[in-house]
Amino acid sequence: MLDPGLNSTDQAVLDATVSHIEDRVKILRDTEPYLIDMSAREATLSSYLGHTLDDKIALYEMARDLGFHDFGLSNFFAFPSVSDGFMEYLVNGGHSLDPFFTTVAVEPLVDDQPFPMGPAATQTMHYGIPNTILLVETRPATLAAIGTDNQKMLDDLRRHIREYRRLLPSRTARRGRIYVRLADPFDTYDENPTYLLQIIRMLGEEDITGILFEDVKGTRFPFETYALVKMMRHYHPKPRKILAHPHTANGTEDAAALECILAGGDGVWSGFTPQAAQGGHGSALMFLTNLMRARNPHVRRLFNTEKFQEVAERMWQIHDHIDIPPNTPVVGERAYLYVDKYFEQTDDPRDLDPKLIGREAGYQIMPSWAPAYVLQRRLAELGYDHDISHNSALHGKMRAMMNAALNEGRQTKFDYPENLATLVEQALAELGDTTPPADDSASASALTQRYR
């Protein structure tokens with residue numbers, strides 16, 4: 001039945017729009033995300049000062065307490081490193097190693113030579129770490145540069161999988177897990193898409209837990225992630241896992257993580273915060289809060305979301321030794337300091353109520369704007385009585401005085417309590433005995449009122 005006022009074409013257009021949106025939101029809402037936390041590993045590459053053992057322990061404990069159950073270990077080397085100290089901490093403390101994964105590079109195999117056991121493989125065996133991620137480079141140009149070819153790489157990868165299936169404990173839900181990490185699948189696609197499909201198809205025939213893949217340079221579009229996951233899922237049906245790891249470069253990393261889910265993937269392997277590698281990555285924080293905006297009930301069931309803000313602030317200090325930059329989405333200081341009523345996020349569709357991640361919303365006075373609605377709430381926050389916080393004439397005078405200062409080339413952070421107090425006093429003095437009583441109507445003023 002047609003809605004009133006719509007013809008059949010109108011109705012078809014509307015139905016297609018609604019279906020496109022609602023079908024995708026439903027996928028995001030219903031998915032039960034799976035993540036491998038890389039907080040102690042990823043930001044190692046980008047930290048100016050590096051991670052000490054205390055840092056590694058803190059990062060692990062924070063992620064664990066948020067609700068993460070699986071963790072990627074940092075690299076091992078031919079020389080002692082903090083990674084070795086972290087393993088000693090786990091072993092000496094009696095911690096189960098079931099949640100942990102080493103990353104072992106797939107190397108070209110040589111006939112009549114022993115199977116290569118580099119530092120990561122050696123430490124995997126030494127400590128009895130029960131799970132591993134096999135990192136493989138598949139780009140044909142890279143293979144040629146190291147003296148191998150496409151077919152031999154396939155054969156060597158298969159032999160690595162089977163050797164680690166032998167070396168690791170018998171496979172259970174928590175032990176003997178093997179992920180294959182494709183380091184350069186998009187570059188492989190550029191050079192030889194047929195070969196990429198052959199790799200993915202071959203992996204579908206092997207006894208692995210799932211596939212991790214990344215966009216190393218962060219230059220691919222989200223729809224490319226969608227297409228790649230679709231291809232993977234064809235050869236790797238659930239419950240096998242497919243996890244994405246988009247890096248930053250073009251600003252679409254968080255969208256790419258969602259495209260992984262929309263295409264049938266399971267989640268991400270990443271640090272909780274965005275710091276990683278060259279510029280950063282699509283983080284677990286952004287991925288999970290985006291699912292929350294789709295009203296995904298599993299995120300709050302699986303994770304301690306009310307601690308997201310606190311943990312983000314602590315991790316930022318460990319990684320960069322600075323506070324979170326104020327304009328950072330979701331967890332930046334200004335993310336929920338509203339400069340206008342129309343930016344408020346509550347429980348409307350796709351909003352993320354700040355209380356869900358441990359934040360309190362507030363209001364921020366910006367000298368060039370500062371509508372009465374915001375002035376009311378900022379003044380009330382600071383404890384001004386109703387005659388001040390809801391005095392529209394006073395607010396108009398304050399706005400005029402802030403703009404007069406800008407006209408004179410004077411810039412002042414009027415949002416600071418001491419500066420705001422001075423502004424209020426000066427505005428009251430100029431109004432004198434003509435100050436009218438408080439007026440509550442500004443709280444519901446129309447958008448056009450903000451331009452007066």
# chains A, B, ... in the order shown; residues from 1 in each chain; ligands from 1
call {"tool": "select_by_dssp", "arguments": {"residues": "stretch 208-371 of chain A", "states": "alpha helix (DSSP H)", "output": "PyMOL selection string"}}
result
chain A and resi 222-235+253-262+284-293+297-302+308-320
call {"tool": "residues_around", "arguments": {"residues": "A:Ser368", "least_positions_apart": "5", "cutoff": "12 Å", "atoms": "only C-alpha atoms", "output": "ChimeraX atom specification"}}
result
/A:339,398-407,411-415,450-451
call {"tool": "closest_residue", "arguments": {"among": "A:Val330, A:Val374, A:Met117, A:Leu337", "to": "A:Ala361", "atoms": "only C-alpha atoms"}}
result
A:Leu337
call {"tool": "residues_around", "arguments": {"residues": "A:Phe115", "least_positions_apart": "4", "cutoff": "9 Å", "atoms": "only C-alpha atoms", "output": "list in words"}}
result
Leu109, Val110, His160 and Glu163 of chain A
call {"tool": "residues_around", "arguments": {"residues": "A:Met153", "least_positions_apart": "5", "cutoff": "10 Å", "atoms": "only C-alpha atoms", "output": "number ranges by chain"}}
result
A: 106-109, 136-138, 140, 143, 148, 158-159, 199
call {"tool": "closest_residue", "arguments": {"among": "A:Asp155, A:Glu310, A:Asp70, A:Asp254", "to": "A:Leu97", "atoms": "only C-alpha atoms"}}
result
A:Asp70
call {"tool": "residues_around", "arguments": {"residues": "A:Gly332", "least_positions_apart": "4", "cutoff": "10 Å", "atoms": "only C-alpha atoms", "output": "VMD selection string"}}
result
chain A and resid 309 312 to 313 323 to 328 336 to 337
call {"tool": "write_last_selection", "arguments": {"atoms": "N, CA and C atoms", "output": "compact mmCIF listing (two decimals), in the first residue's frame"}}
result
# COMPACT_ATOMS: atom_id res chain seq x y z
N GLN A 309 36.92 5.57 28.36
CA GLN A 309 37.55 6.88 28.43
C GLN A 309 38.80 6.84 29.31
N ALA A 312 41.62 4.87 27.63
CA ALA A 312 42.19 5.62 26.50
C ALA A 312 43.15 6.69 27.00
N GLU A 313 42.78 7.40 28.04
CA GLU A 313 43.65 8.45 28.57
C GLU A 313 44.96 7.86 29.11
N ASP A 323 48.62 14.15 26.79
CA ASP A 323 47.18 13.96 26.91
C ASP A 323 46.59 13.73 25.53
N ILE A 324 45.40 13.16 25.51
CA ILE A 324 44.70 12.97 24.23
C ILE A 324 44.46 14.33 23.59
N PRO A 325 44.83 14.53 22.33
CA PRO A 325 44.56 15.81 21.67
C PRO A 325 43.08 16.15 21.76
N PRO A 326 42.74 17.39 22.06
CA PRO A 326 41.35 17.74 22.39
C PRO A 326 40.34 17.46 21.30
N ASN A 327 40.74 17.53 20.03
CA ASN A 327 39.77 17.32 18.95
C ASN A 327 39.68 15.86 18.50
N THR A 328 40.27 14.94 19.24
CA THR A 328 40.19 13.53 18.91
C THR A 328 38.75 13.05 19.04
N TYR A 336 32.67 15.82 23.65
CA TYR A 336 31.33 16.00 24.21
C TYR A 336 31.20 17.33 24.94
N LEU A 337 32.01 18.30 24.53
CA LEU A 337 31.81 19.68 24.97
C LEU A 337 31.11 20.41 23.84
call {"tool": "residues_around", "arguments": {"residues": "A:Val311", "least_positions_apart": "6", "cutoff": "10 Å", "atoms": "only C-alpha atoms", "output": "number ranges by chain"}}
result
A: 59, 62-63, 65-66, 272-273, 285, 305, 317, 358
call {"tool": "select_by_dssp", "arguments": {"residues": "stretch 156-321 of chain A", "states": "strand (DSSP E)", "output": "list in words"}}
result
Ile178, Tyr179, Val180, Arg181, Leu182, Gly210, Ile211, Leu212, Phe213, Glu214, Asp215, Lys241, Ile242, Leu243, Ala244, His245, Pro246, Gly267, Val268, Trp269 and Ser270 of chain A
call {"tool": "residues_around", "arguments": {"residues": "A:Leu35", "least_positions_apart": "4", "cutoff": "9 Å", "atoms": "only C-alpha atoms", "output": "number ranges by chain"}}
result
A: 68-71, 243, 266-270, 284
call {"tool": "decode", "arguments": {"residues": "stretch 204-270 of chain A", "atoms": "C-alpha atoms", "output": "PDB file, in the first residue's frame"}}
result
ATOM      1  CA  GLY A 204      40.728 -22.531   3.164  1.00  0.00           C
ATOM      2  CA  GLU A 205      42.024 -26.082   2.793  1.00  0.00           C
ATOM      3  CA  GLU A 206      44.399 -25.862   5.775  1.00  0.00           C
ATOM      4  CA  ASP A 207      43.829 -26.364   9.493  1.00  0.00           C
ATOM      5  CA  ILE A 208      43.961 -22.763  10.651  1.00  0.00           C
ATOM      6  CA  THR A 209      41.823 -20.660  12.980  1.00  0.00           C
ATOM      7  CA  GLY A 210      41.436 -17.740  10.629  1.00  0.00           C
ATOM      8  CA  ILE A 211      42.941 -14.936   8.593  1.00  0.00           C
ATOM      9  CA  LEU A 212      44.289 -11.582   9.704  1.00  0.00           C
ATOM     10  CA  PHE A 213      44.907  -9.038   6.962  1.00  0.00           C
ATOM     11  CA  GLU A 214      46.056  -5.455   6.829  1.00  0.00           C
ATOM     12  CA  ASP A 215      46.279  -2.401   4.655  1.00  0.00           C
ATOM     13  CA  VAL A 216      49.872  -1.601   5.544  1.00  0.00           C
ATOM     14  CA  LYS A 217      50.095   1.809   3.877  1.00  0.00           C
ATOM     15  CA  GLY A 218      46.558   2.845   4.781  1.00  0.00           C
ATOM     16  CA  THR A 219      45.803   3.929   1.237  1.00  0.00           C
ATOM     17  CA  ARG A 220      42.977   1.605   0.205  1.00  0.00           C
ATOM     18  CA  PHE A 221      39.302   2.486   0.076  1.00  0.00           C
ATOM     19  CA  PRO A 222      36.782   0.855   2.420  1.00  0.00           C
ATOM     20  CA  PHE A 223      34.966  -0.840  -0.462  1.00  0.00           C
ATOM     21  CA  GLU A 224      38.205  -2.694  -1.258  1.00  0.00           C
ATOM     22  CA  THR A 225      38.187  -4.153   2.242  1.00  0.00           C
ATOM     23  CA  TYR A 226      34.566  -5.181   1.712  1.00  0.00           C
ATOM     24  CA  ALA A 227      35.404  -6.983  -1.531  1.00  0.00           C
ATOM     25  CA  LEU A 228      38.443  -8.723  -0.038  1.00  0.00           C
ATOM     26  CA  VAL A 229      36.487 -10.009   2.958  1.00  0.00           C
ATOM     27  CA  LYS A 230      33.722 -11.247   0.651  1.00  0.00           C
ATOM     28  CA  MET A 231      36.327 -13.251  -1.248  1.00  0.00           C
ATOM     29  CA  MET A 232      37.811 -14.614   1.960  1.00  0.00           C
ATOM     30  CA  ARG A 233      34.475 -15.592   3.431  1.00  0.00           C
ATOM     31  CA  HIS A 234      33.638 -17.623   0.343  1.00  0.00           C
ATOM     32  CA  TYR A 235      36.569 -19.947   1.073  1.00  0.00           C
ATOM     33  CA  HIS A 236      36.530 -19.543   4.873  1.00  0.00           C
ATOM     34  CA  PRO A 237      32.986 -20.020   6.173  1.00  0.00           C
ATOM     35  CA  LYS A 238      32.184 -19.296   9.788  1.00  0.00           C
ATOM     36  CA  PRO A 239      33.190 -20.107  12.487  1.00  0.00           C
ATOM     37  CA  ARG A 240      36.600 -19.415  10.938  1.00  0.00           C
ATOM     38  CA  LYS A 241      37.640 -15.876  11.861  1.00  0.00           C
ATOM     39  CA  ILE A 242      38.447 -12.995   9.499  1.00  0.00           C
ATOM     40  CA  LEU A 243      39.929  -9.892  11.127  1.00  0.00           C
ATOM     41  CA  ALA A 244      40.926  -6.584   9.534  1.00  0.00           C
ATOM     42  CA  HIS A 245      43.694  -4.147  10.391  1.00  0.00           C
ATOM     43  CA  PRO A 246      43.421  -0.926   8.347  1.00  0.00           C
ATOM     44  CA  HIS A 247      46.150   1.653   8.856  1.00  0.00           C
ATOM     45  CA  THR A 248      45.746   5.415   8.615  1.00  0.00           C
ATOM     46  CA  ALA A 249      46.699   7.548   5.632  1.00  0.00           C
ATOM     47  CA  ASN A 250      43.473   8.501   3.905  1.00  0.00           C
ATOM     48  CA  GLY A 251      41.149   8.891   6.901  1.00  0.00           C
ATOM     49  CA  THR A 252      38.978   5.870   6.127  1.00  0.00           C
ATOM     50  CA  GLU A 253      40.514   3.342   8.512  1.00  0.00           C
ATOM     51  CA  ASP A 254      37.533   3.167  10.876  1.00  0.00           C
ATOM     52  CA  ALA A 255      35.095   2.899   7.985  1.00  0.00           C
ATOM     53  CA  ALA A 256      37.148   0.031   6.556  1.00  0.00           C
ATOM     54  CA  ALA A 257      36.832  -1.873   9.836  1.00  0.00           C
ATOM     55  CA  LEU A 258      33.039  -1.595   9.570  1.00  0.00           C
ATOM     56  CA  GLU A 259      33.150  -2.731   5.949  1.00  0.00           C
ATOM     57  CA  CYS A 260      34.863  -5.881   7.181  1.00  0.00           C
ATOM     58  CA  ILE A 261      31.826  -6.630   9.335  1.00  0.00           C
ATOM     59  CA  LEU A 262      29.340  -5.727   6.601  1.00  0.00           C
ATOM     60  CA  ALA A 263      31.079  -8.189   4.283  1.00  0.00           C
ATOM     61  CA  GLY A 264      30.891 -11.014   6.816  1.00  0.00           C
ATOM     62  CA  GLY A 265      34.097 -10.551   8.806  1.00  0.00           C
ATOM     63  CA  ASP A 266      34.408 -10.855  12.567  1.00  0.00           C
ATOM     64  CA  GLY A 267      36.343  -7.866  13.837  1.00  0.00           C
ATOM     65  CA  VAL A 268      39.791  -6.343  14.099  1.00  0.00           C
ATOM     66  CA  TRP A 269      43.216  -7.148  15.467  1.00  0.00           C
ATOM     67  CA  SER A 270      44.482  -3.846  16.772  1.00  0.00           C
TER      68      SER A 270
END
